[in-house]
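Q: Pasting final00.cif below, which is mmCIF, C-alpha atoms.
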```cif
data_final
loop_
_atom_site.label_atom_id
_atom_site.label_comp_id
_atom_site.auth_asym_id
_atom_site.auth_seq_id
_atom_site.Cartn_x
_atom_site.Cartn_y
_atom_site.Cartn_z
CA MET A 1356 10.42 -33.63 7.76
CA SER A 1357 9.47 -32.35 4.35
CA LYS A 1358 9.01 -28.66 3.83
CA PRO A 1359 5.38 -27.71 4.32
CA PHE A 1360 5.58 -24.96 1.71
CA ASP A 1361 6.79 -25.14 -1.82
CA ILE A 1362 7.58 -21.91 -3.60
CA ASN A 1363 5.72 -22.86 -6.75
CA GLN A 1364 2.60 -23.49 -4.71
CA ILE A 1365 2.90 -20.11 -2.99
CA GLN A 1366 3.47 -18.43 -6.35
CA ASN A 1367 0.38 -20.19 -7.65
CA ILE A 1368 -1.66 -18.95 -4.69
CA ILE A 1369 -0.52 -15.41 -5.41
CA ASP A 1370 -1.10 -15.66 -9.14
CA THR A 1371 -4.54 -17.24 -8.94
CA GLY A 1372 -5.85 -16.38 -5.46
CA ILE A 1373 -4.84 -12.74 -4.91
CA PRO A 1374 -5.92 -10.61 -7.88
CA HIS A 1375 -4.05 -7.47 -6.82
CA CYS A 1376 -0.78 -9.36 -6.35
CA SER A 1377 -0.99 -10.99 -9.75
CA GLU A 1378 -1.87 -7.59 -11.24
CA ILE A 1379 1.28 -5.95 -9.89
CA GLY A 1380 3.49 -9.03 -10.41
CA VAL A 1381 4.61 -10.14 -6.94
CA LYS A 1382 7.34 -12.81 -7.15
CA VAL A 1383 8.06 -15.41 -4.46
CA HIS A 1384 11.72 -16.18 -3.73
CA GLU A 1385 11.90 -17.86 -0.34
CA MET A 1386 9.51 -19.26 2.22
CA ASP A 1387 11.07 -21.01 5.18
CA ASP A 1388 10.60 -21.35 8.93
CA ASP A 1389 11.99 -17.87 9.51
CA GLY A 1390 9.90 -15.97 7.01
CA VAL A 1391 9.42 -15.09 3.37
CA THR A 1392 11.24 -13.15 0.67
CA PHE A 1393 9.12 -11.64 -2.11
CA SER A 1394 9.94 -9.12 -4.82
CA LEU A 1395 8.40 -6.74 -7.29
CA PRO A 1396 10.16 -5.86 -10.56
CA TYR A 1397 10.46 -2.14 -11.20
CA GLN A 1398 7.57 -0.78 -13.26
CA GLU A 1399 7.17 2.81 -14.36
CA ARG A 1400 3.40 2.68 -13.73
CA PHE A 1401 4.08 2.53 -9.98
CA ALA A 1402 6.16 5.70 -9.89
CA GLY A 1403 4.95 8.36 -7.47
CA ASN A 1404 7.20 11.08 -8.76
CA PRO A 1405 7.06 11.95 -12.46
CA VAL A 1406 10.38 13.81 -12.30
CA ASN A 1407 12.61 10.91 -11.29
CA GLY A 1408 10.45 7.78 -11.50
CA ILE A 1409 10.86 6.92 -7.80
CA LEU A 1410 8.29 4.35 -6.64
CA HIS A 1411 5.20 5.58 -4.77
CA GLY A 1412 5.26 4.59 -1.10
CA GLY A 1413 1.93 2.85 -1.55
CA ILE A 1414 3.33 0.13 -3.79
CA ILE A 1415 6.04 -0.56 -1.18
CA THR A 1416 3.27 -0.79 1.44
CA THR A 1417 1.45 -3.29 -0.77
CA LEU A 1418 4.51 -5.52 -1.23
CA ILE A 1419 5.25 -5.41 2.51
CA ASP A 1420 1.62 -6.06 3.50
CA THR A 1421 1.53 -9.10 1.22
CA ALA A 1422 4.80 -10.57 2.52
CA ALA A 1423 3.99 -9.78 6.17
CA GLY A 1424 0.68 -11.63 5.82
CA MET A 1425 2.23 -14.64 4.09
CA CYS A 1426 5.09 -14.96 6.59
CA ILE A 1427 2.46 -15.84 9.19
CA TYR A 1428 1.70 -19.00 7.19
CA ALA A 1429 5.39 -19.86 7.32
CA ARG A 1430 5.35 -19.49 11.10
CA VAL A 1431 2.13 -21.37 11.88
CA LYS A 1432 2.75 -23.84 9.02
CA LYS A 1433 -0.76 -23.73 7.69
CA TYR A 1434 -3.09 -21.48 5.77
CA LEU A 1435 -5.78 -19.69 7.72
CA PRO A 1436 -7.79 -16.55 7.10
CA ILE A 1437 -5.89 -13.49 8.31
CA ALA A 1438 -6.58 -9.77 8.27
CA THR A 1439 -4.20 -6.82 8.74
CA LEU A 1440 -5.03 -4.87 11.91
CA ASP A 1441 -2.21 -2.39 11.84
CA LEU A 1442 0.79 -1.75 9.62
CA ARG A 1443 3.49 0.85 10.15
CA ILE A 1444 6.00 1.69 7.46
CA ASP A 1445 9.09 3.88 7.86
CA TYR A 1446 10.40 5.05 4.51
CA LEU A 1447 14.15 5.10 5.13
CA LYS A 1448 15.31 6.21 1.70
CA PRO A 1449 13.81 6.51 -1.79
CA ALA A 1450 13.65 3.32 -3.83
CA THR A 1451 16.05 3.42 -6.78
CA PRO A 1452 14.18 3.70 -10.11
CA GLY A 1453 14.79 0.70 -12.36
CA LEU A 1454 15.75 -1.71 -9.57
CA GLU A 1455 13.68 -4.69 -8.43
CA LEU A 1456 12.36 -4.23 -4.89
CA PHE A 1457 12.68 -7.13 -2.44
CA THR A 1458 11.02 -7.61 0.91
CA ARG A 1459 11.88 -9.98 3.72
CA ALA A 1460 9.14 -10.50 6.28
CA THR A 1461 9.21 -12.49 9.52
CA CYS A 1462 6.56 -13.33 12.04
CA TYR A 1463 8.23 -13.11 15.44
CA ARG A 1464 5.31 -13.85 17.72
CA THR A 1465 1.85 -15.37 17.53
CA THR A 1466 -0.87 -15.70 20.13
CA ARG A 1467 -4.12 -17.57 19.67
CA GLN A 1468 -5.67 -14.65 17.84
CA ILE A 1469 -2.88 -12.25 16.87
CA ALA A 1470 0.35 -12.40 14.85
CA PHE A 1471 3.16 -9.83 15.03
CA THR A 1472 5.42 -9.25 12.03
CA ARG A 1473 8.51 -7.34 10.96
CA ALA A 1474 9.56 -6.61 7.40
CA ILE A 1475 12.15 -4.68 5.46
CA ALA A 1476 12.21 -3.65 1.81
CA TYR A 1477 15.53 -3.41 -0.04
CA HIS A 1478 17.10 -3.68 -3.49
CA THR A 1479 20.28 -5.72 -3.11
CA ASP A 1480 21.45 -5.39 0.48
CA PRO A 1481 19.10 -6.16 3.39
CA ASP A 1482 21.43 -4.10 5.59
CA ASP A 1483 20.69 -1.03 3.48
CA PRO A 1484 16.87 -1.05 3.47
CA VAL A 1485 14.48 1.26 1.63
CA ALA A 1486 11.73 0.73 4.22
CA ASN A 1487 11.20 -0.87 7.61
CA SER A 1488 7.87 -2.11 8.87
CA VAL A 1489 6.03 -3.69 11.78
CA GLY A 1490 2.58 -5.20 11.45
CA THR A 1491 -0.15 -6.79 13.52
CA PHE A 1492 -2.54 -9.33 12.06
CA MET A 1493 -5.71 -10.97 13.26
CA LEU A 1494 -5.73 -14.78 12.89
CA LYS A 1495 -8.83 -16.72 11.83
CA SER A 1496 -10.33 -13.37 10.90
CA SER A 1497 -13.24 -14.81 8.99
CA SER A 1498 -14.99 -18.08 8.41
CA THR A 1499 -14.03 -18.09 4.74
CA LYS A 1500 -11.88 -20.72 3.10
CA PRO A 1501 -8.11 -20.20 3.24
CA LEU A 1502 -6.42 -19.04 0.05
CA ASP A 1503 -4.79 -22.34 -0.92
CA GLU A 1504 -8.20 -23.93 -1.32
CA VAL A 1505 -9.42 -21.01 -3.38
CA SER A 1506 -6.46 -21.15 -5.73
CA LYS A 1507 -6.87 -24.92 -6.03
CA GLU A 1508 -10.43 -24.40 -7.21
CA LYS A 1509 -9.36 -21.68 -9.62
CA GLY A 1510 -6.04 -23.05 -10.81
CA GLU A 1511 -6.76 -26.73 -11.32
CA MET B 865 6.16 8.71 -18.27
CA GLN B 866 6.34 12.38 -19.19
CA GLN B 867 9.79 13.91 -18.82
CA MET B 868 9.65 16.98 -16.64
CA THR B 869 11.79 18.92 -14.23
CA SER B 870 11.08 19.25 -10.54
CA GLU B 871 10.31 22.95 -11.08
CA GLU B 872 7.72 22.11 -13.75
CA PHE B 873 6.08 19.56 -11.46
CA VAL B 874 5.84 21.99 -8.55
CA GLU B 875 4.59 24.68 -10.91
CA THR B 876 1.82 22.39 -12.20
CA ILE B 877 0.77 21.56 -8.63
CA ASN B 878 0.63 25.24 -7.68
CA LYS B 879 -1.28 26.09 -10.87
CA SER B 880 -3.82 23.33 -10.16
CA ARG B 881 -4.39 24.77 -6.71
CA GLU B 882 -5.25 28.11 -8.28
CA ASP B 883 -7.69 26.81 -10.89
CA LYS B 884 -8.81 23.80 -8.81
CA ASP B 885 -8.32 21.40 -11.70
CA TRP B 886 -6.42 18.37 -10.44
CA VAL B 887 -6.83 16.08 -13.43
CA ARG B 888 -3.49 17.08 -14.92
CA VAL B 889 -1.61 16.42 -11.67
CA PHE B 890 -3.29 13.01 -11.28
CA ASP B 891 -2.41 12.24 -14.90
CA MET B 892 1.21 13.18 -14.29
CA ILE B 893 1.73 10.77 -11.40
CA PRO B 894 1.86 7.21 -12.79
CA TYR B 895 0.73 5.48 -9.59
CA PHE B 896 -2.25 7.83 -9.23
CA SER B 897 -3.23 6.90 -12.78
CA PHE B 898 -2.85 3.22 -11.91
CA LEU B 899 -5.23 3.71 -8.97
CA GLY B 900 -7.58 5.75 -11.16
CA MET B 901 -7.91 8.25 -8.32
CA ARG B 902 -9.86 11.46 -8.57
CA LEU B 903 -10.58 14.39 -6.30
CA GLU B 904 -14.01 15.71 -5.44
CA ALA B 905 -13.85 19.20 -3.99
CA LYS B 906 -17.09 20.59 -2.68
CA ASP B 907 -18.33 22.64 0.27
CA GLY B 908 -14.76 23.21 1.38
CA THR B 909 -13.95 19.49 1.64
CA LEU B 910 -11.38 17.56 -0.39
CA ILE B 911 -12.45 13.97 -0.83
CA CYS B 912 -10.40 11.50 -2.86
CA VAL B 913 -12.18 8.68 -4.67
CA LEU B 914 -10.77 5.24 -5.44
CA PRO B 915 -12.92 3.65 -8.14
CA GLU B 916 -14.28 0.12 -7.96
CA ASP B 917 -11.87 -2.19 -9.79
CA LYS B 918 -11.36 -5.96 -9.58
CA LYS B 919 -7.59 -5.50 -9.82
CA PHE B 920 -7.56 -4.07 -6.25
CA ILE B 921 -8.93 -7.23 -4.65
CA GLY B 922 -6.68 -8.93 -2.09
CA ASN B 923 -9.17 -11.49 -0.83
CA PRO B 924 -11.51 -12.84 -3.54
CA VAL B 925 -13.48 -14.97 -1.06
CA LEU B 926 -14.82 -12.25 1.23
CA PRO B 927 -14.29 -10.33 -1.15
CA ALA B 928 -12.10 -7.48 0.11
CA LEU B 929 -9.70 -4.87 -1.18
CA HIS B 930 -5.99 -5.60 -0.72
CA GLY B 931 -4.75 -3.93 2.48
CA GLY B 932 -1.83 -2.48 0.56
CA VAL B 933 -4.15 -0.69 -1.86
CA VAL B 934 -6.09 0.79 1.06
CA GLY B 935 -2.81 1.98 2.63
CA ALA B 936 -1.63 3.38 -0.70
CA PHE B 937 -4.94 5.22 -1.19
CA LEU B 938 -4.69 6.78 2.29
CA GLU B 939 -1.11 7.88 1.63
CA SER B 940 -2.11 9.32 -1.75
CA THR B 941 -5.04 11.19 -0.21
CA ALA B 942 -2.70 12.83 2.31
CA LEU B 943 -0.36 13.89 -0.49
CA VAL B 944 -3.22 15.35 -2.54
CA HIS B 945 -4.41 17.27 0.53
CA LEU B 946 -0.94 18.80 0.89
CA PHE B 947 -0.86 19.68 -2.82
CA ALA B 948 -4.27 21.32 -2.55
CA THR B 949 -3.77 23.27 0.66
CA GLN B 950 -0.07 24.10 0.98
CA ASP B 951 2.04 26.32 -1.22
CA VAL B 952 4.65 23.70 -2.02
CA THR B 953 8.19 24.53 -3.03
CA ARG B 954 9.11 20.86 -3.32
CA VAL B 955 7.15 17.66 -3.62
CA PRO B 956 6.32 16.53 -0.05
CA LYS B 957 8.11 13.31 0.91
CA ILE B 958 6.50 10.67 3.08
CA ILE B 959 8.51 9.78 6.19
CA ASN B 960 6.23 7.16 7.74
CA ILE B 961 2.67 5.95 7.86
CA THR B 962 0.70 3.81 10.30
CA VAL B 963 -2.40 2.27 8.80
CA GLU B 964 -5.18 0.93 11.02
CA TYR B 965 -7.56 -1.48 9.36
CA LEU B 966 -10.94 -1.05 11.01
CA ARG B 967 -13.28 -3.06 8.82
CA SER B 968 -12.94 -5.29 5.81
CA ALA B 969 -13.03 -2.98 2.76
CA LYS B 970 -15.36 -4.27 0.07
CA PRO B 971 -14.31 -4.06 -3.58
CA ILE B 972 -16.49 -1.01 -4.20
CA GLU B 973 -15.88 2.72 -4.61
CA THR B 974 -13.93 4.03 -1.63
CA TYR B 975 -13.51 7.58 -0.32
CA ALA B 976 -10.89 9.24 1.84
CA GLU B 977 -10.26 12.59 3.42
CA ALA B 978 -7.14 13.91 5.11
CA VAL B 979 -6.58 16.56 7.74
CA ILE B 980 -3.32 18.17 8.77
CA THR B 981 -3.12 17.54 12.49
CA LYS B 982 0.04 19.63 12.86
CA PRO B 983 1.25 21.85 10.05
CA GLY B 984 4.91 22.27 10.97
CA ARG B 985 7.48 24.30 9.09
CA ARG B 986 9.34 21.16 8.02
CA ILE B 987 6.95 18.34 8.92
CA ALA B 988 3.23 17.97 8.28
CA ASN B 989 1.52 15.46 10.56
CA MET B 990 -1.59 14.06 8.88
CA ARG B 991 -4.59 11.96 9.82
CA ILE B 992 -6.46 10.23 7.00
CA GLU B 993 -9.70 8.26 7.06
CA ALA B 994 -11.30 6.05 4.41
CA TRP B 995 -14.91 4.90 4.17
CA GLN B 996 -17.29 3.28 1.71
CA ALA B 997 -21.09 3.45 1.74
CA ASP B 998 -21.32 4.97 5.22
CA ARG B 999 -18.99 7.75 6.32
CA ALA B 1000 -19.74 6.93 9.96
CA LYS B 1001 -18.21 3.47 9.45
CA PRO B 1002 -14.62 4.04 8.34
CA VAL B 1003 -12.85 1.02 6.82
CA ALA B 1004 -9.36 2.32 7.59
CA ALA B 1005 -7.51 5.24 9.12
CA ALA B 1006 -3.89 6.31 9.08
CA HIS B 1007 -1.41 8.68 10.64
CA ALA B 1008 1.46 9.89 8.48
CA ASN B 1009 4.34 12.35 8.61
CA PHE B 1010 5.51 14.22 5.51
CA LEU B 1011 8.63 16.26 4.98
CA VAL B 1012 7.39 19.47 3.38
CA SER B 1013 10.48 21.65 3.10
#
```
Could you render the structure from this file as structure tokens?
A:
Amino acid sequence: MSKPFDINQIQNIIDTGIPHCSEIGVKVHEMDDDGVTFSLPYQERFAGNPVNGILHGGIITTLIDTAAGMCIYARVKKYLPIATLDLRIDYLKPATPGLELFTRATCYRTTRQIAFTRAIAYHTDPDDPVANSVGTFMLKSSSTKPLDEVSKEKGE
Amino acid sequence: MQQMTSEEFVETINKSREDKDWVRVFDMIPYFSFLGMRLEAKDGTLICVLPEDKKFIGNPVLPALHGGVVGAFLESTALVHLFATQDVTRVPKIINITVEYLRSAKPIETYAEAVITKPGRRIANMRIEAWQADRAKPVAAAHANFLVS
């Protein structure tokens, strides 16, 4: 069976369909049955601390929220409107200034209406994470078109 | 980014609390500048404002703000509240945050206010709420813990 998702297509959805993600420069690395791996290159404009340049927690939340949402598509193997209900982030250690931040998100359970996700954020070693997260998402949250159709209209 | 020491940063925060001028602190923090946040202090309340900006959109169809931006704004509002109300000796560090998304947030000006639910010696437990046109209809709320000393 061919892979239902191709990374270039996902990157295109992000670049053309999600303005905030293209603004901050979210990069897609992996999307498979188990989940997704995204990253964000270090940028000084996202620092929360002017003394040491450590990233603001909010930008880590944004990267995790994006990946946690998209990993649901990997699990259900289609695009559908989703909305975050609840997202918890534990900040385990400060992000290292200058290093790209990666996130790996997996959807471990879906019901007809709800999806449950886990995600970690890390620089080089997933076993030494910067942040840990669990999220809950509503499926088919609105009657709007899914994002792949939007980006098709915009990108092609 | 301006080069400054931790002492200078804390000193600026404490000075802003005295003269109630937060523009210089917001200017100092790159991510606050990126959000374009400002603080409106009146009648004893401290309300943070996130301006309307297309770059915050996460769903262009609805359209709606990106959930991450809403979470980031809530976290930032809590931090500003700590700056403005606590005599800080170090920059408070976030430990964790749980964001509840209550309604789809439209890409318009958004407001948030924080309260300290438990001001501990080492930990401040905070509750933060964000709303748009109608304060009685919050778009998101969060609980967060900060390490304050």
Q: Report as a VMD selection string the residues that result from applying the PyMOL selection byres ((chain A) within 9 of (chain B)) to the structure here.
A: chain A and resid 1372 to 1379 1399 to 1408 1410 to 1421 1438 to 1448 1497 1499 to 1502 1505
Q: Quick check, in Å to one decimal: how far apart do CA of Met1493 (chain A) and CA of Ala1470 (chain A) lie?
A: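 Computing the Euclidean distance for CA of Met1493 (chain A) and CA of Ala1470 (chain A) yields 6.4 Å.
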Q: List as a PyMOL selection string: which residues have an atom within 8 Å of (-16.3, -4.0, 4.0), counting all atoms listed in the file?
A: chain B and resi 928+967-971+996+1003
Q: Please dump the current selection as a short mmCIF file (atom, residue, chain, number, x, y, z; two decimals), in the frame of the given file; keep C-alpha atoms.
A:
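Contents of selection.cif, freshly written:
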```cif
data_model
loop_
_atom_site.label_atom_id
_atom_site.label_comp_id
_atom_site.auth_asym_id
_atom_site.auth_seq_id
_atom_site.Cartn_x
_atom_site.Cartn_y
_atom_site.Cartn_z
CA ALA B 928 -12.10 -7.48 0.11
CA ARG B 967 -13.28 -3.06 8.82
CA SER B 968 -12.94 -5.29 5.81
CA ALA B 969 -13.03 -2.98 2.76
CA LYS B 970 -15.36 -4.27 0.07
CA PRO B 971 -14.31 -4.06 -3.58
CA GLN B 996 -17.29 3.28 1.71
CA VAL B 1003 -12.85 1.02 6.82
#
```
Q: From the list B:Ala976, B:Leu943, B:Val874, B:Ala948, which residue is nearest Val913 (chain B) when using all atoms listed in the file?
A: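 Closest candidate: B:Ala976.
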Q: Mind giving me the straight-line distance from CA of Thr1392 (chain A) to CA of Ile1362 (chain A) in Å, one decimal?
A: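 We find that CA of Thr1392 (chain A) and CA of Ile1362 (chain A) lie 10.4 Å from each other.
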Q: So that I can check the surroundings of Tyr1428 (chain A), please list as a compact mmCIF listing (two decimals) with C-alpha atoms, in the frame of the given file every protein, DNA and RNA residue that reaches within 10 Å of it, counting all atoms listed in the file and ignoring chain neighbours fewer than 3 positions away.
A:
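Writing done, so here's around_7.txt:
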```txt
# COMPACT_ATOMS: atom_id res chain seq x y z
CA PRO A 1359 5.38 -27.71 4.32
CA PHE A 1360 5.58 -24.96 1.71
CA MET A 1386 9.51 -19.26 2.22
CA ASP A 1387 11.07 -21.01 5.18
CA ASP A 1388 10.60 -21.35 8.93
CA GLY A 1390 9.90 -15.97 7.01
CA VAL A 1391 9.42 -15.09 3.37
CA ALA A 1423 3.99 -9.78 6.17
CA GLY A 1424 0.68 -11.63 5.82
CA MET A 1425 2.23 -14.64 4.09
CA VAL A 1431 2.13 -21.37 11.88
CA LYS A 1432 2.75 -23.84 9.02
CA LYS A 1433 -0.76 -23.73 7.69
CA TYR A 1434 -3.09 -21.48 5.77
CA LEU A 1435 -5.78 -19.69 7.72
CA PRO A 1436 -7.79 -16.55 7.10
CA ILE A 1437 -5.89 -13.49 8.31
CA CYS A 1462 6.56 -13.33 12.04
```
Q: Go ahead and find all residues with at least one atom no further than 9 Å from (-6.0, 20.0, 11.4) in the file's coordinates, using only C-alpha atoms; report them as a PDB file with C-alpha atoms, keeping the file's coordinate frame.
A:
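What landed in point.pdb:
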```pdb
ATOM      1  CA  ALA B 978      -7.140  13.910   5.110  1.00  0.00           C
ATOM      2  CA  VAL B 979      -6.580  16.560   7.740  1.00  0.00           C
ATOM      3  CA  ILE B 980      -3.320  18.170   8.770  1.00  0.00           C
ATOM      4  CA  THR B 981      -3.120  17.540  12.490  1.00  0.00           C
ATOM      5  CA  LYS B 982       0.040  19.630  12.860  1.00  0.00           C
ATOM      6  CA  PRO B 983       1.250  21.850  10.050  1.00  0.00           C
ATOM      7  CA  ASN B 989       1.520  15.460  10.560  1.00  0.00           C
ATOM      8  CA  MET B 990      -1.590  14.060   8.880  1.00  0.00           C
ATOM      9  CA  ARG B 991      -4.590  11.960   9.820  1.00  0.00           C
TER      10      ARG B 991
END
```
Q: Just the residues within 12 Å of Asp883 (chain B), please, counting only C-alpha atoms, with nothing from its chain fewer than 5 positions along; format it as an MDAnalysis selection string.
A: chainID B and resid 876:878 888 905 948
Q: Set the distance at 9 Å and use all atoms listed in the file: which residues neighbour Gln1366 (chain A) once local chain neighbours fewer than 5 positions away are removed? I'd like the list as a count of residues only.
A: 6
